[in-house]
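Coordinates as given in work00.pdb (PDB, C-alpha atoms and all ligand atoms):
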ATOM      1  CA  MET A  14     -63.512  42.221 -51.956  1.00  0.00           C
ATOM      2  CA  SER A  15     -65.868  40.519 -54.367  1.00  0.00           C
ATOM      3  CA  ASN A  16     -67.743  37.457 -53.245  1.00  0.00           C
ATOM      4  CA  GLU A  17     -68.600  36.365 -56.748  1.00  0.00           C
ATOM      5  CA  PHE A  18     -66.677  33.367 -57.929  1.00  0.00           C
ATOM      6  CA  TYR A  19     -66.630  31.748 -61.319  1.00  0.00           C
ATOM      7  CA  ASP A  20     -65.508  28.313 -62.423  1.00  0.00           C
ATOM      8  CA  ASN A  21     -65.090  28.057 -66.189  1.00  0.00           C
ATOM      9  CA  GLY A  22     -67.380  31.066 -66.572  1.00  0.00           C
ATOM     10  CA  LYS A  23     -70.074  29.447 -64.439  1.00  0.00           C
ATOM     11  CA  LYS A  24     -71.064  31.378 -61.320  1.00  0.00           C
ATOM     12  CA  LEU A  25     -70.491  29.527 -58.070  1.00  0.00           C
ATOM     13  CA  ILE A  26     -73.263  30.036 -55.531  1.00  0.00           C
ATOM     14  CA  GLY A  27     -72.652  29.860 -51.794  1.00  0.00           C
ATOM     15  CA  TYR A  28     -68.876  29.751 -51.869  1.00  0.00           C
ATOM     16  CA  GLU A  29     -66.317  31.644 -49.817  1.00  0.00           C
ATOM     17  CA  TYR A  30     -62.548  31.949 -49.802  1.00  0.00           C
ATOM     18  CA  TYR A  31     -60.759  28.794 -48.730  1.00  0.00           C
ATOM     19  CA  ASP A  32     -57.860  29.432 -46.376  1.00  0.00           C
ATOM     20  CA  ILE A  33     -54.745  27.624 -47.606  1.00  0.00           C
ATOM     21  CA  SER A  34     -52.385  29.046 -44.993  1.00  0.00           C
ATOM     22  CA  PHE A  35     -51.903  25.510 -43.691  1.00  0.00           C
ATOM     23  CA  LEU A  36     -49.842  24.682 -46.805  1.00  0.00           C
ATOM     24  CA  LYS A  37     -46.166  24.049 -46.221  1.00  0.00           C
ATOM     25  CA  PRO A  38     -43.373  24.156 -48.812  1.00  0.00           C
ATOM     26  CA  ASN A  39     -42.324  20.720 -50.036  1.00  0.00           C
ATOM     27  CA  LYS A  40     -38.654  20.204 -49.200  1.00  0.00           C
ATOM     28  CA  ASP A  41     -38.294  17.714 -52.054  1.00  0.00           C
ATOM     29  CA  CYS A  42     -39.550  20.260 -54.589  1.00  0.00           C
ATOM     30  CA  SER A  43     -37.035  22.487 -56.365  1.00  0.00           C
ATOM     31  CA  THR A  44     -39.578  25.262 -56.933  1.00  0.00           C
ATOM     32  CA  CYS A  45     -40.858  25.568 -53.361  1.00  0.00           C
ATOM     33  CA  ASP A  46     -38.757  27.692 -51.027  1.00  0.00           C
ATOM     34  CA  ILE A  47     -38.710  26.397 -47.462  1.00  0.00           C
ATOM     35  CA  TYR A  48     -36.668  29.382 -46.237  1.00  0.00           C
ATOM     36  CA  ASN A  49     -39.201  31.937 -47.380  1.00  0.00           C
ATOM     37  CA  ASP A  50     -42.159  29.663 -46.693  1.00  0.00           C
ATOM     38  CA  TYR A  51     -43.101  29.789 -50.372  1.00  0.00           C
ATOM     39  CA  VAL A  52     -45.311  27.017 -51.766  1.00  0.00           C
ATOM     40  CA  CYS A  53     -45.138  26.722 -55.552  1.00  0.00           C
ATOM     41  CA  SER A  54     -48.404  26.584 -57.470  1.00  0.00           C
ATOM     42  CA  TYR A  55     -47.770  23.008 -58.589  1.00  0.00           C
ATOM     43  CA  CYS A  56     -47.524  21.764 -54.985  1.00  0.00           C
ATOM     44  CA  GLU A  57     -50.430  23.987 -53.976  1.00  0.00           C
ATOM     45  CA  ILE A  58     -52.682  22.486 -56.639  1.00  0.00           C
ATOM     46  CA  GLU A  59     -51.400  18.974 -55.899  1.00  0.00           C
ATOM     47  CA  THR A  60     -52.292  19.360 -52.222  1.00  0.00           C
ATOM     48  CA  VAL A  61     -55.535  21.314 -52.381  1.00  0.00           C
ATOM     49  CA  SER A  62     -57.227  19.901 -55.471  1.00  0.00           C
ATOM     50  CA  GLY A  63     -59.412  16.977 -54.599  1.00  0.00           C
ATOM     51  CA  THR A  64     -60.429  18.483 -51.267  1.00  0.00           C
ATOM     52  CA  PRO A  65     -64.185  17.934 -51.077  1.00  0.00           C
ATOM     53  CA  ASN A  66     -66.233  21.029 -52.032  1.00  0.00           C
ATOM     54  CA  VAL A  67     -63.153  23.087 -52.821  1.00  0.00           C
ATOM     55  CA  LYS A  68     -62.870  24.664 -56.271  1.00  0.00           C
ATOM     56  CA  TYR A  69     -60.269  26.681 -58.121  1.00  0.00           C
ATOM     57  CA  THR A  70     -61.908  29.771 -59.593  1.00  0.00           C
ATOM     58  CA  ASP A  71     -61.295  31.571 -62.865  1.00  0.00           C
ATOM     59  CA  ASP A  72     -59.540  34.246 -60.774  1.00  0.00           C
ATOM     60  CA  LEU A  73     -57.089  31.579 -59.562  1.00  0.00           C
ATOM     61  CA  GLU A  74     -58.414  31.492 -56.038  1.00  0.00           C
ATOM     62  CA  TRP A  75     -59.532  28.601 -53.888  1.00  0.00           C
ATOM     63  CA  VAL A  76     -63.085  28.659 -52.636  1.00  0.00           C
ATOM     64  CA  ILE A  77     -65.111  26.265 -50.537  1.00  0.00           C
ATOM     65  CA  LYS A  78     -68.824  25.628 -50.368  1.00  0.00           C
ATOM     66  CA  LYS A  79     -70.151  27.493 -47.343  1.00  0.00           C
ATOM     67  CA  THR A  80     -72.466  24.820 -46.020  1.00  0.00           C
ATOM     68  CA  MET A  81     -69.538  22.486 -45.528  1.00  0.00           C
ATOM     69  CA  LYS A  82     -67.770  24.796 -43.119  1.00  0.00           C
ATOM     70  CA  SER A  83     -69.388  23.574 -39.932  1.00  0.00           C
ATOM     71  CA  LYS A  84     -68.793  19.959 -40.919  1.00  0.00           C
ATOM     72  CA  ILE A  85     -65.113  20.647 -41.531  1.00  0.00           C
ATOM     73  CA  HIS A  86     -64.936  22.570 -38.277  1.00  0.00           C
ATOM     74  CA  LYS A  87     -66.420  19.599 -36.441  1.00  0.00           C
ATOM     75  CA  ASN A  88     -64.003  17.219 -38.116  1.00  0.00           C
ATOM     76  CA  LEU A  89     -61.052  19.432 -37.225  1.00  0.00           C
ATOM     77  CA  LEU A  90     -62.147  19.562 -33.600  1.00  0.00           C
ATOM     78  CA  LYS A  91     -62.463  15.780 -33.598  1.00  0.00           C
ATOM     79  CA  ILE A  92     -58.960  15.400 -35.057  1.00  0.00           C
ATOM     80  CA  LYS A  93     -57.600  17.914 -32.573  1.00  0.00           C
ATOM     81  CA  LYS A  94     -59.148  16.030 -29.665  1.00  0.00           C
ATOM     82  CA  ARG A  95     -57.585  12.777 -30.867  1.00  0.00           C
ATOM     83  CA  LEU A  96     -54.181  14.392 -31.449  1.00  0.00           C
ATOM     84  CA  ASP A  97     -54.291  16.286 -28.127  1.00  0.00           C
ATOM     85  CA  LYS A  98     -54.272  12.933 -26.371  1.00  0.00           C
ATOM     86  CA  LYS A  99     -51.289  11.409 -28.115  1.00  0.00           C
ATOM     87  CA  THR A 100     -49.150  14.285 -29.339  1.00  0.00           C
ATOM     88  CA  LEU A 101     -45.881  14.723 -27.454  1.00  0.00           C
ATOM     89  CA  ARG A 102     -44.121  18.000 -26.752  1.00  0.00           C
ATOM     90  CA  GLU A 103     -40.827  16.460 -27.825  1.00  0.00           C
ATOM     91  CA  PRO A 104     -41.533  13.823 -30.456  1.00  0.00           C
ATOM     92  CA  LYS A 105     -38.770  11.303 -31.099  1.00  0.00           C
ATOM     93  CA  THR A 106     -39.957   8.661 -33.534  1.00  0.00           C
ATOM     94  CA  ARG A 107     -41.228   9.403 -37.028  1.00  0.00           C
ATOM     95  CA  PRO A 108     -44.915   8.677 -36.267  1.00  0.00           C
ATOM     96  CA  GLN A 109     -44.661  10.907 -33.193  1.00  0.00           C
ATOM     97  CA  LYS A 110     -43.182  13.688 -35.316  1.00  0.00           C
ATOM     98  CA  ILE A 111     -45.974  13.333 -37.867  1.00  0.00           C
ATOM     99  CA  ASP A 112     -48.540  13.592 -35.043  1.00  0.00           C
ATOM    100  CA  ARG A 113     -46.821  16.743 -33.871  1.00  0.00           C
ATOM    101  CA  ILE A 114     -46.813  18.288 -37.366  1.00  0.00           C
ATOM    102  CA  ASN A 115     -50.502  17.440 -37.811  1.00  0.00           C
ATOM    103  CA  TRP A 116     -51.297  18.836 -34.374  1.00  0.00           C
ATOM    104  CA  ASP A 117     -49.576  22.108 -35.273  1.00  0.00           C
ATOM    105  CA  ARG A 118     -51.443  22.297 -38.581  1.00  0.00           C
ATOM    106  CA  VAL A 119     -54.850  21.612 -37.051  1.00  0.00           C
ATOM    107  CA  ASN A 120     -54.243  24.269 -34.429  1.00  0.00           C
ATOM    108  CA  ILE A 121     -53.120  26.843 -36.996  1.00  0.00           C
ATOM    109  CA  ILE A 122     -56.226  26.213 -39.099  1.00  0.00           C
ATOM    110  CA  LEU A 123     -58.545  26.369 -36.090  1.00  0.00           C
ATOM    111  CA  ASN A 124     -56.934  29.579 -34.834  1.00  0.00           C
ATOM    112  CA  ASN A 125     -56.918  31.296 -38.213  1.00  0.00           C
ATOM    113  CA  ARG A 126     -60.376  30.305 -39.352  1.00  0.00           C
ATOM    114  CA  TYR A 127     -62.589  29.904 -36.359  1.00  0.00           C
ATOM    115  CA  GLU A 128     -61.296  31.780 -33.348  1.00  0.00           C
ATOM    116  CA  LYS A 129     -61.634  35.401 -34.288  1.00  0.00           C
TER     117      LYS A 129
HETATM  118 ZN    ZN B 201     -43.313  22.886 -54.989  1.00  0.00          ZN
END
Show me the file's structure as structure tokens.
Ligand SMILES: [Zn+2]
Amino acid sequence: MSNEFYDNGKKLIGYEYYDISFLKPNKDCSTCDIYNDYVCSYCEIETVSGTPNVKYTDDLEWVIKKTMKSKIHKNLLKIKKRLDKKTLREPKTRPQKIDRINWDRVNIILNNRYEK
């Protein structure tokens, strides 16, 4: 696996692959497939672009600046701590359900990226 990334032909220094496994298919999108957990590239770009320090390379891969990792990790842990307190096992109202979805996402990211 190459660790050289290019953006518009310009070499990116200090970047690594950005894990986008947290993406979920958009049920209102006709191209995404919620049954096969497929996220279309339009929704992927819509969701991921604009994330600080994340770039889309010439090889069509997402990368993130390495130095930002620990900051993101810290932020995720902070979010998790906040959500741990208020997230319910069986959410009923819409805000409770959103908390639960976010809690699941944060945990998936933390497990996939940091606890290996
Ligand atoms: Zn889509």
As a quick test: using only C-alpha atoms and all ligand atoms, which residues lie no more than 12 Å away from ligand ZN 201 (chain B)? Give them as a compact mmCIF listing (two decimals) with C-alpha atoms, in the coordinates of the input.
# COMPACT_ATOMS: atom_id res chain seq x y z
CA LEU A 36 -49.84 24.68 -46.80
CA LYS A 37 -46.17 24.05 -46.22
CA PRO A 38 -43.37 24.16 -48.81
CA ASN A 39 -42.32 20.72 -50.04
CA LYS A 40 -38.65 20.20 -49.20
CA ASP A 41 -38.29 17.71 -52.05
CA CYS A 42 -39.55 20.26 -54.59
CA SER A 43 -37.03 22.49 -56.36
CA THR A 44 -39.58 25.26 -56.93
CA CYS A 45 -40.86 25.57 -53.36
CA ASP A 46 -38.76 27.69 -51.03
CA ILE A 47 -38.71 26.40 -47.46
CA ASP A 50 -42.16 29.66 -46.69
CA TYR A 51 -43.10 29.79 -50.37
CA VAL A 52 -45.31 27.02 -51.77
CA CYS A 53 -45.14 26.72 -55.55
CA SER A 54 -48.40 26.58 -57.47
CA TYR A 55 -47.77 23.01 -58.59
CA CYS A 56 -47.52 21.76 -54.98
CA GLU A 57 -50.43 23.99 -53.98
CA ILE A 58 -52.68 22.49 -56.64
CA GLU A 59 -51.40 18.97 -55.90
CA THR A 60 -52.29 19.36 -52.22
Separation of CA of Gly27 (chain A) from CA of Lys94 (chain A) in Å: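 Taking CA of Lys94 (chain A) and CA of Gly27 (chain A), their separation equals 29.4 Å.
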Explicit residue set for the PyMOL selection byres (((chain A and resi 117) around 12) and not hetatm), as a list in words: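 Selected by the PyMOL selection byres (((chain A and resi 117) around 12) and not hetatm) in this file: Phe35, Leu36, Lys37, Leu89, Ile92, Lys93, Leu96, Asp97, Thr100, Leu101, Arg102, Lys110, Ile111, Asp112, Arg113, Ile114, Asn115, Trp116, Arg118, Val119, Asn120, Ile121, Ile122, Leu123 and Asn124 of chain A.
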Top pick for closest residue to Glu74 (chain A), considering A:Asn125, A:Lys99, A:Asn49, A:Tyr19 and counting only C-alpha atoms: A:Tyr19
Straight-line distance linking CA of Pro104 (chain A) with CA of Lys91 (chain A), stated in Å to one decimal: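 Calculated distance between CA of Pro104 (chain A) and CA of Lys91 (chain A) is 21.3 Å.
Here CA of Ser62 (chain A) stands at a distance of 11.7 Å from CA of Tyr31 (chain A).
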Nearest residue to Phe18 (chain A) from the set A:Leu90, A:Tyr30, A:Thr80, A:Arg107 (distances using all atoms listed in the file): A:Tyr30
Nearest-residue call for Tyr28 (chain A), choices A:Arg126, A:His86, A:Lys79, A:Lys98, using all atoms listed in the file: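 Closest to Tyr28 (chain A), using all atoms listed in the file: A:Lys79.
Residues in contact with Ile77 (chain A) at 12 Å, where all atoms listed in the file are counted and same-chain residues fewer than 6 positions away are skipped, are listed as Asn16, Phe18, Leu25, Ile26, Gly27, Tyr28, Glu29, Tyr30, Tyr31, Asp32, Ile33, Val61, Ser62, Gly63, Thr64, Pro65, Asn66, Val67, Lys68, Tyr69, Thr70, Ser83 and Ile85 of chain A.
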Complete region 39-64 of chain A at the level of N, CA and C atoms, written as a PDB file, in the frame of the given file.
ATOM      1  N   ASN A  39     -42.789  22.102 -49.925  1.00  0.00           N
ATOM      2  CA  ASN A  39     -42.324  20.720 -50.036  1.00  0.00           C
ATOM      3  C   ASN A  39     -40.804  20.733 -50.163  1.00  0.00           C
ATOM      4  N   LYS A  40     -40.126  20.121 -49.191  1.00  0.00           N
ATOM      5  CA  LYS A  40     -38.654  20.204 -49.200  1.00  0.00           C
ATOM      6  C   LYS A  40     -38.036  19.400 -50.339  1.00  0.00           C
ATOM      7  N   ASP A  41     -38.806  18.490 -50.927  1.00  0.00           N
ATOM      8  CA  ASP A  41     -38.294  17.714 -52.054  1.00  0.00           C
ATOM      9  C   ASP A  41     -38.583  18.387 -53.395  1.00  0.00           C
ATOM     10  N   CYS A  42     -39.184  19.566 -53.355  1.00  0.00           N
ATOM     11  CA  CYS A  42     -39.550  20.260 -54.589  1.00  0.00           C
ATOM     12  C   CYS A  42     -38.535  21.373 -54.838  1.00  0.00           C
ATOM     13  N   SER A  43     -38.064  21.487 -56.074  1.00  0.00           N
ATOM     14  CA  SER A  43     -37.035  22.487 -56.365  1.00  0.00           C
ATOM     15  C   SER A  43     -37.631  23.880 -56.572  1.00  0.00           C
ATOM     16  N   THR A  44     -38.940  23.960 -56.719  1.00  0.00           N
ATOM     17  CA  THR A  44     -39.578  25.262 -56.933  1.00  0.00           C
ATOM     18  C   THR A  44     -40.043  25.894 -55.620  1.00  0.00           C
ATOM     19  N   CYS A  45     -40.470  25.053 -54.684  1.00  0.00           N
ATOM     20  CA  CYS A  45     -40.858  25.568 -53.361  1.00  0.00           C
ATOM     21  C   CYS A  45     -39.618  26.138 -52.670  1.00  0.00           C
ATOM     22  N   ASP A  46     -39.869  27.084 -51.756  1.00  0.00           N
ATOM     23  CA  ASP A  46     -38.757  27.692 -51.027  1.00  0.00           C
ATOM     24  C   ASP A  46     -39.045  27.594 -49.524  1.00  0.00           C
ATOM     25  N   ILE A  47     -38.399  26.613 -48.882  1.00  0.00           N
ATOM     26  CA  ILE A  47     -38.710  26.397 -47.462  1.00  0.00           C
ATOM     27  C   ILE A  47     -38.218  27.550 -46.593  1.00  0.00           C
ATOM     28  N   TYR A  48     -37.202  28.292 -47.073  1.00  0.00           N
ATOM     29  CA  TYR A  48     -36.668  29.382 -46.237  1.00  0.00           C
ATOM     30  C   TYR A  48     -37.591  30.587 -46.215  1.00  0.00           C
ATOM     31  N   ASN A  49     -38.260  30.812 -47.319  1.00  0.00           N
ATOM     32  CA  ASN A  49     -39.201  31.937 -47.380  1.00  0.00           C
ATOM     33  C   ASN A  49     -40.646  31.495 -47.238  1.00  0.00           C
ATOM     34  N   ASP A  50     -40.821  30.205 -46.890  1.00  0.00           N
ATOM     35  CA  ASP A  50     -42.159  29.663 -46.693  1.00  0.00           C
ATOM     36  C   ASP A  50     -43.021  29.835 -47.944  1.00  0.00           C
ATOM     37  N   TYR A  51     -42.392  29.654 -49.103  1.00  0.00           N
ATOM     38  CA  TYR A  51     -43.101  29.789 -50.372  1.00  0.00           C
ATOM     39  C   TYR A  51     -43.509  28.417 -50.895  1.00  0.00           C
ATOM     40  N   VAL A  52     -44.800  28.256 -51.189  1.00  0.00           N
ATOM     41  CA  VAL A  52     -45.311  27.017 -51.766  1.00  0.00           C
ATOM     42  C   VAL A  52     -45.583  27.267 -53.243  1.00  0.00           C
ATOM     43  N   CYS A  53     -44.949  26.503 -54.122  1.00  0.00           N
ATOM     44  CA  CYS A  53     -45.138  26.722 -55.552  1.00  0.00           C
ATOM     45  C   CYS A  53     -46.551  26.308 -55.966  1.00  0.00           C
ATOM     46  N   SER A  54     -47.015  26.830 -57.090  1.00  0.00           N
ATOM     47  CA  SER A  54     -48.404  26.584 -57.470  1.00  0.00           C
ATOM     48  C   SER A  54     -48.638  25.113 -57.804  1.00  0.00           C
ATOM     49  N   TYR A  55     -47.600  24.430 -58.295  1.00  0.00           N
ATOM     50  CA  TYR A  55     -47.770  23.008 -58.589  1.00  0.00           C
ATOM     51  C   TYR A  55     -48.095  22.237 -57.304  1.00  0.00           C
ATOM     52  N   CYS A  56     -47.296  22.464 -56.256  1.00  0.00           N
ATOM     53  CA  CYS A  56     -47.524  21.764 -54.985  1.00  0.00           C
ATOM     54  C   CYS A  56     -48.855  22.194 -54.364  1.00  0.00           C
ATOM     55  N   GLU A  57     -49.165  23.483 -54.506  1.00  0.00           N
ATOM     56  CA  GLU A  57     -50.430  23.987 -53.976  1.00  0.00           C
ATOM     57  C   GLU A  57     -51.606  23.241 -54.610  1.00  0.00           C
ATOM     58  N   ILE A  58     -51.586  23.145 -55.934  1.00  0.00           N
ATOM     59  CA  ILE A  58     -52.682  22.486 -56.639  1.00  0.00           C
ATOM     60  C   ILE A  58     -52.698  20.991 -56.315  1.00  0.00           C
ATOM     61  N   GLU A  59     -51.494  20.385 -56.256  1.00  0.00           N
ATOM     62  CA  GLU A  59     -51.400  18.974 -55.899  1.00  0.00           C
ATOM     63  C   GLU A  59     -52.055  18.690 -54.556  1.00  0.00           C
ATOM     64  N   THR A  60     -51.811  19.584 -53.589  1.00  0.00           N
ATOM     65  CA  THR A  60     -52.292  19.360 -52.222  1.00  0.00           C
ATOM     66  C   THR A  60     -53.773  19.688 -52.080  1.00  0.00           C
ATOM     67  N   VAL A  61     -54.177  20.822 -52.652  1.00  0.00           N
ATOM     68  CA  VAL A  61     -55.535  21.314 -52.381  1.00  0.00           C
ATOM     69  C   VAL A  61     -56.583  20.697 -53.302  1.00  0.00           C
ATOM     70  N   SER A  62     -56.209  20.433 -54.558  1.00  0.00           N
ATOM     71  CA  SER A  62     -57.227  19.901 -55.471  1.00  0.00           C
ATOM     72  C   SER A  62     -57.643  18.521 -54.987  1.00  0.00           C
ATOM     73  N   GLY A  63     -58.913  18.246 -55.099  1.00  0.00           N
ATOM     74  CA  GLY A  63     -59.412  16.977 -54.599  1.00  0.00           C
ATOM     75  C   GLY A  63     -60.011  17.104 -53.214  1.00  0.00           C
ATOM     76  N   THR A  64     -59.763  18.251 -52.541  1.00  0.00           N
ATOM     77  CA  THR A  64     -60.429  18.483 -51.267  1.00  0.00           C
ATOM     78  C   THR A  64     -61.921  18.612 -51.536  1.00  0.00           C
TER      79      THR A  64
END
